[in-house]
Amino acid sequence: MEDCIFCKIIKGDIPSFKVYEDDRVFAFEDINPISRGHTLVIPKAHAQDLWEIPEEDLAAVHKASKKIIAAIKKALNPSGVACLQLNGRGANQVVMHYHLHLIPRSGDEPELPVSSWELSQGDMEAIKETAAKIAAAIA
Ligand code: AMP
Ligand code: ZN
């Protein structure tokens, strides 16, 4: 896609710090890293989000993420790695080309807000109703 910054990175029109590439997938370092080794894994074919990405590319991205997370473990020895993927402006997706964040964590960093929310029990009837609504809509 012409105006897409990640498509430009794949084409080499914008420089990036590449860590991995195969037929379908490209992975590179986030230039605004939340932590050391913050990596983005993307499909080479433009797709905006999880709604749009073809299953083959989705599988390829996540398969590659397993290779990359193994490399991150070997290279950086993190205490954990958060995998984060946002869909739509309402979820704070900024770059509209599907991407999986791999965010290495170490003990001396503040918690990621998205991974440390407070647990409070929901309304079981409402949860049941919502589950039934989603289940009924599955194609
Ligand atoms: P998201 O909110 O999930 O859409 O995040 C988009 C991510 O892309 C952010 O973490 C940005 O730092 C990152 N990003 C934007 N432009 C570039 C770029 N040219 N190279 C590397 N990472 C980028
Ligand atoms: Zn794109």
# chains A, B, ... in the order shown; residues from 1 in each chain; ligands from 1
>>> residues_around(residues="Leu40 of chain A", least_positions_apart="2", cutoff="9 Å", atoms="only C-alpha atoms", output="MDAnalysis selection string")
chainID A and resid 26:30 38 42 99:103
>>> residues_near_ligand(ligand="ligand 2", cutoff="9 Å", atoms="only C-alpha atoms and all ligand atoms", output="PyMOL selection string")
chain A and resi 1-10+42-48+95-98
>>> write_last_selection(atoms="N, CA, C and O atoms", output="mmCIF file, in the first residue's frame")
data_model
loop_
_atom_site.group_PDB
_atom_site.id
_atom_site.type_symbol
_atom_site.label_atom_id
_atom_site.label_comp_id
_atom_site.auth_asym_id
_atom_site.auth_seq_id
_atom_site.Cartn_x
_atom_site.Cartn_y
_atom_site.Cartn_z
ATOM 1 N N MET A 1 0.841 -1.206 0.000
ATOM 2 C CA MET A 1 0.000 0.000 0.000
ATOM 3 C C MET A 1 0.875 1.255 0.000
ATOM 4 O O MET A 1 1.819 1.340 0.789
ATOM 5 N N GLU A 2 0.527 2.176 -0.852
ATOM 6 C CA GLU A 2 1.427 3.294 -1.135
ATOM 7 C C GLU A 2 1.804 4.148 0.077
ATOM 8 O O GLU A 2 2.974 4.450 0.290
ATOM 9 N N ASP A 3 0.791 4.508 0.855
ATOM 10 C CA ASP A 3 1.052 5.445 1.951
ATOM 11 C C ASP A 3 1.396 4.777 3.269
ATOM 12 O O ASP A 3 1.472 5.450 4.287
ATOM 13 N N CYS A 4 1.602 3.470 3.226
ATOM 14 C CA CYS A 4 1.795 2.748 4.490
ATOM 15 C C CYS A 4 3.279 2.718 4.865
ATOM 16 O O CYS A 4 4.127 2.257 4.101
ATOM 17 N N ILE A 5 3.577 3.184 6.052
ATOM 18 C CA ILE A 5 4.971 3.287 6.510
ATOM 19 C C ILE A 5 5.624 1.905 6.621
ATOM 20 O O ILE A 5 6.803 1.734 6.301
ATOM 21 N N PHE A 6 4.858 0.893 7.026
ATOM 22 C CA PHE A 6 5.447 -0.445 7.158
ATOM 23 C C PHE A 6 5.653 -1.088 5.779
ATOM 24 O O PHE A 6 6.631 -1.814 5.580
ATOM 25 N N CYS A 7 4.782 -0.808 4.825
ATOM 26 C CA CYS A 7 5.025 -1.280 3.451
ATOM 27 C C CYS A 7 6.314 -0.654 2.913
ATOM 28 O O CYS A 7 7.094 -1.307 2.219
ATOM 29 N N LYS A 8 6.536 0.612 3.251
ATOM 30 C CA LYS A 8 7.767 1.299 2.808
ATOM 31 C C LYS A 8 8.997 0.668 3.455
ATOM 32 O O LYS A 8 10.050 0.560 2.828
ATOM 33 N N ILE A 9 8.860 0.256 4.707
ATOM 34 C CA ILE A 9 9.978 -0.415 5.394
ATOM 35 C C ILE A 9 10.289 -1.736 4.702
ATOM 36 O O ILE A 9 11.447 -2.069 4.440
ATOM 37 N N ILE A 10 9.246 -2.508 4.373
ATOM 38 C CA ILE A 10 9.443 -3.803 3.704
ATOM 39 C C ILE A 10 10.168 -3.597 2.365
ATOM 40 O O ILE A 10 11.079 -4.346 2.013
ATOM 41 N N ILE A 42 5.625 -8.353 11.154
ATOM 42 C CA ILE A 42 4.544 -7.932 10.242
ATOM 43 C C ILE A 42 4.461 -8.846 9.017
ATOM 44 O O ILE A 42 5.456 -9.440 8.604
ATOM 45 N N PRO A 43 3.261 -8.933 8.424
ATOM 46 C CA PRO A 43 3.152 -9.642 7.148
ATOM 47 C C PRO A 43 3.686 -8.743 6.029
ATOM 48 O O PRO A 43 3.541 -7.525 6.094
ATOM 49 N N LYS A 44 4.307 -9.353 5.001
ATOM 50 C CA LYS A 44 4.799 -8.539 3.881
ATOM 51 C C LYS A 44 3.644 -7.989 3.044
ATOM 52 O O LYS A 44 3.731 -6.901 2.495
ATOM 53 N N ALA A 45 2.571 -8.769 2.942
ATOM 54 C CA ALA A 45 1.401 -8.298 2.194
ATOM 55 C C ALA A 45 0.584 -7.387 3.108
ATOM 56 O O ALA A 45 0.259 -7.775 4.241
ATOM 57 N N HIS A 46 0.270 -6.201 2.610
ATOM 58 C CA HIS A 46 -0.449 -5.257 3.452
ATOM 59 C C HIS A 46 -1.816 -5.784 3.884
ATOM 60 O O HIS A 46 -2.608 -6.228 3.062
ATOM 61 N N ALA A 47 -2.070 -5.768 5.167
ATOM 62 C CA ALA A 47 -3.403 -6.027 5.725
ATOM 63 C C ALA A 47 -3.486 -5.165 6.966
ATOM 64 O O ALA A 47 -2.505 -5.026 7.703
ATOM 65 N N GLN A 48 -4.639 -4.563 7.173
ATOM 66 C CA GLN A 48 -4.738 -3.558 8.225
ATOM 67 C C GLN A 48 -4.696 -4.147 9.628
ATOM 68 O O GLN A 48 -4.031 -3.628 10.517
ATOM 69 N N VAL A 95 -0.303 2.506 13.568
ATOM 70 C CA VAL A 95 0.111 2.143 12.208
ATOM 71 C C VAL A 95 -0.858 1.071 11.703
ATOM 72 O O VAL A 95 -0.973 -0.005 12.287
ATOM 73 N N MET A 96 -1.543 1.392 10.606
ATOM 74 C CA MET A 96 -2.644 0.532 10.161
ATOM 75 C C MET A 96 -2.152 -0.566 9.201
ATOM 76 O O MET A 96 -2.692 -0.759 8.112
ATOM 77 N N HIS A 97 -1.107 -1.254 9.609
ATOM 78 C CA HIS A 97 -0.580 -2.450 8.920
ATOM 79 C C HIS A 97 -0.371 -3.455 10.049
ATOM 80 O O HIS A 97 0.387 -3.158 10.999
ATOM 81 N N TYR A 98 -1.038 -4.604 9.961
ATOM 82 C CA TYR A 98 -1.012 -5.587 11.053
ATOM 83 C C TYR A 98 0.410 -5.749 11.610
ATOM 84 O O TYR A 98 1.356 -5.940 10.842
#
>>> residues_near_ligand(ligand="ligand 1", cutoff="6 Å", atoms="only C-alpha atoms and all ligand atoms", output="CSV table (one decimal) with N, CA and C atoms, in the first residue's frame")
chain,number,residue,atom,x,y,z
A,16,SER,N,15.3,0.4,8.4
A,16,SER,CA,14.8,-0.3,9.6
A,16,SER,C,15.9,-1.2,10.1
A,29,GLU,N,13.1,-3.8,14.6
A,29,GLU,CA,13.1,-3.1,15.9
A,29,GLU,C,12.2,-1.9,15.9
A,30,ASP,N,11.3,-1.8,16.9
A,30,ASP,CA,10.5,-0.6,17.1
A,30,ASP,C,11.4,0.6,17.5
A,31,ILE,N,11.3,1.7,16.8
A,31,ILE,CA,12.2,2.8,17.0
A,31,ILE,C,11.7,3.7,18.2
A,32,ASN,N,10.6,3.3,18.8
A,32,ASN,CA,10.2,4.0,20.1
A,32,ASN,C,10.0,2.8,21.1
A,86,LEU,N,-2.7,-4.7,18.4
A,86,LEU,CA,-3.8,-3.8,18.6
A,86,LEU,C,-4.6,-3.8,17.2
A,92,ASN,N,-6.2,1.9,20.1
A,92,ASN,CA,-4.9,2.6,20.0
A,92,ASN,C,-4.0,2.1,18.9
A,93,GLN,N,-4.5,1.4,17.9
A,93,GLN,CA,-3.6,1.1,16.8
A,93,GLN,C,-3.3,2.4,16.0
A,94,VAL,N,-2.0,2.6,15.9
A,94,VAL,CA,-1.5,3.8,15.2
A,94,VAL,C,-1.1,3.6,13.8
A,95,VAL,N,-0.3,2.5,13.6
A,95,VAL,CA,0.1,2.1,12.2
A,95,VAL,C,-0.9,1.1,11.7
>>> select_by_dssp(residues="chain A", states="strand (DSSP E or B)", output="list in words")
Lys18, Val19, Tyr20, Glu21, Val25, Phe26, Ala27, Phe28, Glu29, Thr39, Leu40, Val41, Ile42, Pro43, Gly80, Val81, Ala82, Cys83, Leu84, Leu100, His101, Leu102, Ile103, Pro104 and Arg105 of chain A
>>> select_by_dssp(residues="chain A", states="helix (DSSP H, G or I)", output="VMD selection string")
chain A and resid 5 to 11 55 to 76 89 to 91 113 to 115 124 to 137
>>> write_last_selection(atoms="N, CA and C atoms", output="short mmCIF file (atom, residue, chain, number, x, y, z; two decimals), in the first residue's frame")
data_model
loop_
_atom_site.label_atom_id
_atom_site.label_comp_id
_atom_site.auth_asym_id
_atom_site.auth_seq_id
_atom_site.Cartn_x
_atom_site.Cartn_y
_atom_site.Cartn_z
N ILE A 5 3.58 3.18 6.05
CA ILE A 5 4.97 3.29 6.51
C ILE A 5 5.62 1.91 6.62
N PHE A 6 4.86 0.89 7.03
CA PHE A 6 5.45 -0.44 7.16
C PHE A 6 5.65 -1.09 5.78
N CYS A 7 4.78 -0.81 4.82
CA CYS A 7 5.03 -1.28 3.45
C CYS A 7 6.31 -0.65 2.91
N LYS A 8 6.54 0.61 3.25
CA LYS A 8 7.77 1.30 2.81
C LYS A 8 9.00 0.67 3.45
N ILE A 9 8.86 0.26 4.71
CA ILE A 9 9.98 -0.41 5.39
C ILE A 9 10.29 -1.74 4.70
N ILE A 10 9.25 -2.51 4.37
CA ILE A 10 9.44 -3.80 3.70
C ILE A 10 10.17 -3.60 2.36
N LYS A 11 9.77 -2.54 1.64
CA LYS A 11 10.38 -2.27 0.33
C LYS A 11 11.79 -1.71 0.45
N GLU A 55 -5.51 -15.85 6.68
CA GLU A 55 -5.07 -16.83 7.69
C GLU A 55 -3.62 -17.27 7.48
N GLU A 56 -3.21 -17.42 6.20
CA GLU A 56 -1.85 -17.90 5.93
C GLU A 56 -0.81 -16.90 6.44
N ASP A 57 -1.08 -15.62 6.23
CA ASP A 57 -0.14 -14.60 6.71
C ASP A 57 -0.16 -14.51 8.23
N LEU A 58 -1.34 -14.65 8.80
CA LEU A 58 -1.45 -14.63 10.26
C LEU A 58 -0.63 -15.77 10.87
N ALA A 59 -0.78 -16.95 10.28
CA ALA A 59 -0.04 -18.12 10.78
C ALA A 59 1.46 -17.88 10.62
N ALA A 60 1.85 -17.32 9.48
CA ALA A 60 3.28 -17.09 9.21
C ALA A 60 3.87 -16.08 10.21
N VAL A 61 3.12 -15.02 10.50
CA VAL A 61 3.59 -14.02 11.46
C VAL A 61 3.80 -14.65 12.83
N HIS A 62 2.83 -15.46 13.24
CA HIS A 62 2.93 -16.03 14.59
C HIS A 62 3.95 -17.15 14.67
N LYS A 63 4.12 -17.86 13.56
CA LYS A 63 5.17 -18.88 13.50
C LYS A 63 6.55 -18.21 13.60
N ALA A 64 6.70 -17.12 12.87
CA ALA A 64 7.97 -16.39 12.92
C ALA A 64 8.21 -15.83 14.32
N SER A 65 7.13 -15.41 14.98
CA SER A 65 7.29 -14.81 16.32
C SER A 65 7.89 -15.83 17.29
N LYS A 66 7.62 -17.11 17.05
CA LYS A 66 8.19 -18.15 17.92
C LYS A 66 9.71 -18.23 17.73
N LYS A 67 10.15 -18.11 16.49
CA LYS A 67 11.60 -18.09 16.21
C LYS A 67 12.25 -16.86 16.85
N ILE A 68 11.58 -15.74 16.68
CA ILE A 68 12.17 -14.47 17.14
C ILE A 68 12.21 -14.41 18.67
N ILE A 69 11.14 -14.91 19.29
CA ILE A 69 11.11 -14.87 20.76
C ILE A 69 12.20 -15.79 21.33
N ALA A 70 12.52 -16.87 20.62
CA ALA A 70 13.61 -17.76 21.05
C ALA A 70 14.93 -17.00 20.95
N ALA A 71 15.08 -16.24 19.88
CA ALA A 71 16.31 -15.44 19.70
C ALA A 71 16.42 -14.35 20.76
N ILE A 72 15.28 -13.73 21.07
CA ILE A 72 15.27 -12.68 22.10
C ILE A 72 15.71 -13.27 23.44
N LYS A 73 15.21 -14.46 23.73
CA LYS A 73 15.57 -15.12 25.00
C LYS A 73 17.08 -15.37 25.06
N LYS A 74 17.60 -15.88 23.93
CA LYS A 74 19.02 -16.21 23.86
C LYS A 74 19.88 -14.93 23.93
N ALA A 75 19.45 -13.92 23.21
CA ALA A 75 20.28 -12.71 23.09
C ALA A 75 20.17 -11.79 24.30
N LEU A 76 18.97 -11.71 24.89
CA LEU A 76 18.74 -10.67 25.90
C LEU A 76 18.38 -11.22 27.28
N ARG A 89 -8.41 1.97 15.63
CA ARG A 89 -8.09 3.21 16.35
C ARG A 89 -8.60 3.17 17.79
N GLY A 90 -9.73 2.54 17.98
CA GLY A 90 -10.32 2.46 19.31
C GLY A 90 -9.47 1.67 20.29
N ALA A 91 -8.58 0.82 19.74
CA ALA A 91 -7.65 0.05 20.59
C ALA A 91 -6.25 0.67 20.55
N PRO A 113 1.15 -1.26 31.72
CA PRO A 113 -0.23 -1.08 32.22
C PRO A 113 -1.19 -2.13 31.65
N VAL A 114 -0.98 -2.50 30.37
CA VAL A 114 -1.91 -3.41 29.73
C VAL A 114 -1.81 -4.83 30.30
N SER A 115 -0.71 -5.14 30.98
CA SER A 115 -0.57 -6.50 31.51
C SER A 115 -0.74 -6.55 33.02
N MET A 124 -21.84 -12.47 36.11
CA MET A 124 -21.84 -13.77 35.41
C MET A 124 -22.94 -13.86 34.35
N GLU A 125 -24.11 -13.31 34.66
CA GLU A 125 -25.22 -13.35 33.69
C GLU A 125 -24.85 -12.56 32.43
N ALA A 126 -24.26 -11.39 32.65
CA ALA A 126 -23.87 -10.54 31.51
C ALA A 126 -22.77 -11.22 30.70
N ILE A 127 -21.81 -11.87 31.39
CA ILE A 127 -20.72 -12.56 30.68
C ILE A 127 -21.30 -13.70 29.85
N LYS A 128 -22.22 -14.44 30.47
CA LYS A 128 -22.86 -15.58 29.77
C LYS A 128 -23.60 -15.11 28.51
N GLU A 129 -24.32 -14.03 28.67
CA GLU A 129 -25.09 -13.47 27.54
C GLU A 129 -24.17 -13.03 26.40
N THR A 130 -23.07 -12.37 26.79
CA THR A 130 -22.12 -11.88 25.78
C THR A 130 -21.47 -13.06 25.07
N ALA A 131 -21.08 -14.09 25.85
CA ALA A 131 -20.46 -15.28 25.25
C ALA A 131 -21.41 -15.91 24.24
N ALA A 132 -22.66 -16.01 24.61
CA ALA A 132 -23.66 -16.63 23.71
C ALA A 132 -23.80 -15.78 22.43
N LYS A 133 -23.76 -14.46 22.60
CA LYS A 133 -23.90 -13.56 21.44
C LYS A 133 -22.72 -13.72 20.48
N ILE A 134 -21.50 -13.79 21.05
CA ILE A 134 -20.30 -13.96 20.19
C ILE A 134 -20.32 -15.33 19.55
N ALA A 135 -20.60 -16.36 20.35
CA ALA A 135 -20.61 -17.74 19.83
C ALA A 135 -21.58 -17.86 18.67
N ALA A 136 -22.74 -17.22 18.81
CA ALA A 136 -23.77 -17.30 17.75
C ALA A 136 -23.32 -16.59 16.48
N ALA A 137 -22.40 -15.64 16.63
CA ALA A 137 -21.96 -14.86 15.46
C ALA A 137 -20.75 -15.47 14.77
#
>>> closest_residue(among="A:Gln121, A:Thr39, A:Leu50, A:Arg105", to="Gln85 of chain A", atoms="only C-alpha atoms")
A:Leu50
>>> atom_distance(atom1="atom CA of Val25 of chain A", atom2="atom CA of Gly12 of chain A")
14.1 Å
>>> atom_distance(atom1="atom CA of Ile53 of chain A", atom2="atom CA of Gly88 of chain A")
13.1 Å
>>> atom_distance(atom1="atom CA of Ile34 of chain A", atom2="atom CA of Ser116 of chain A")
15.3 Å
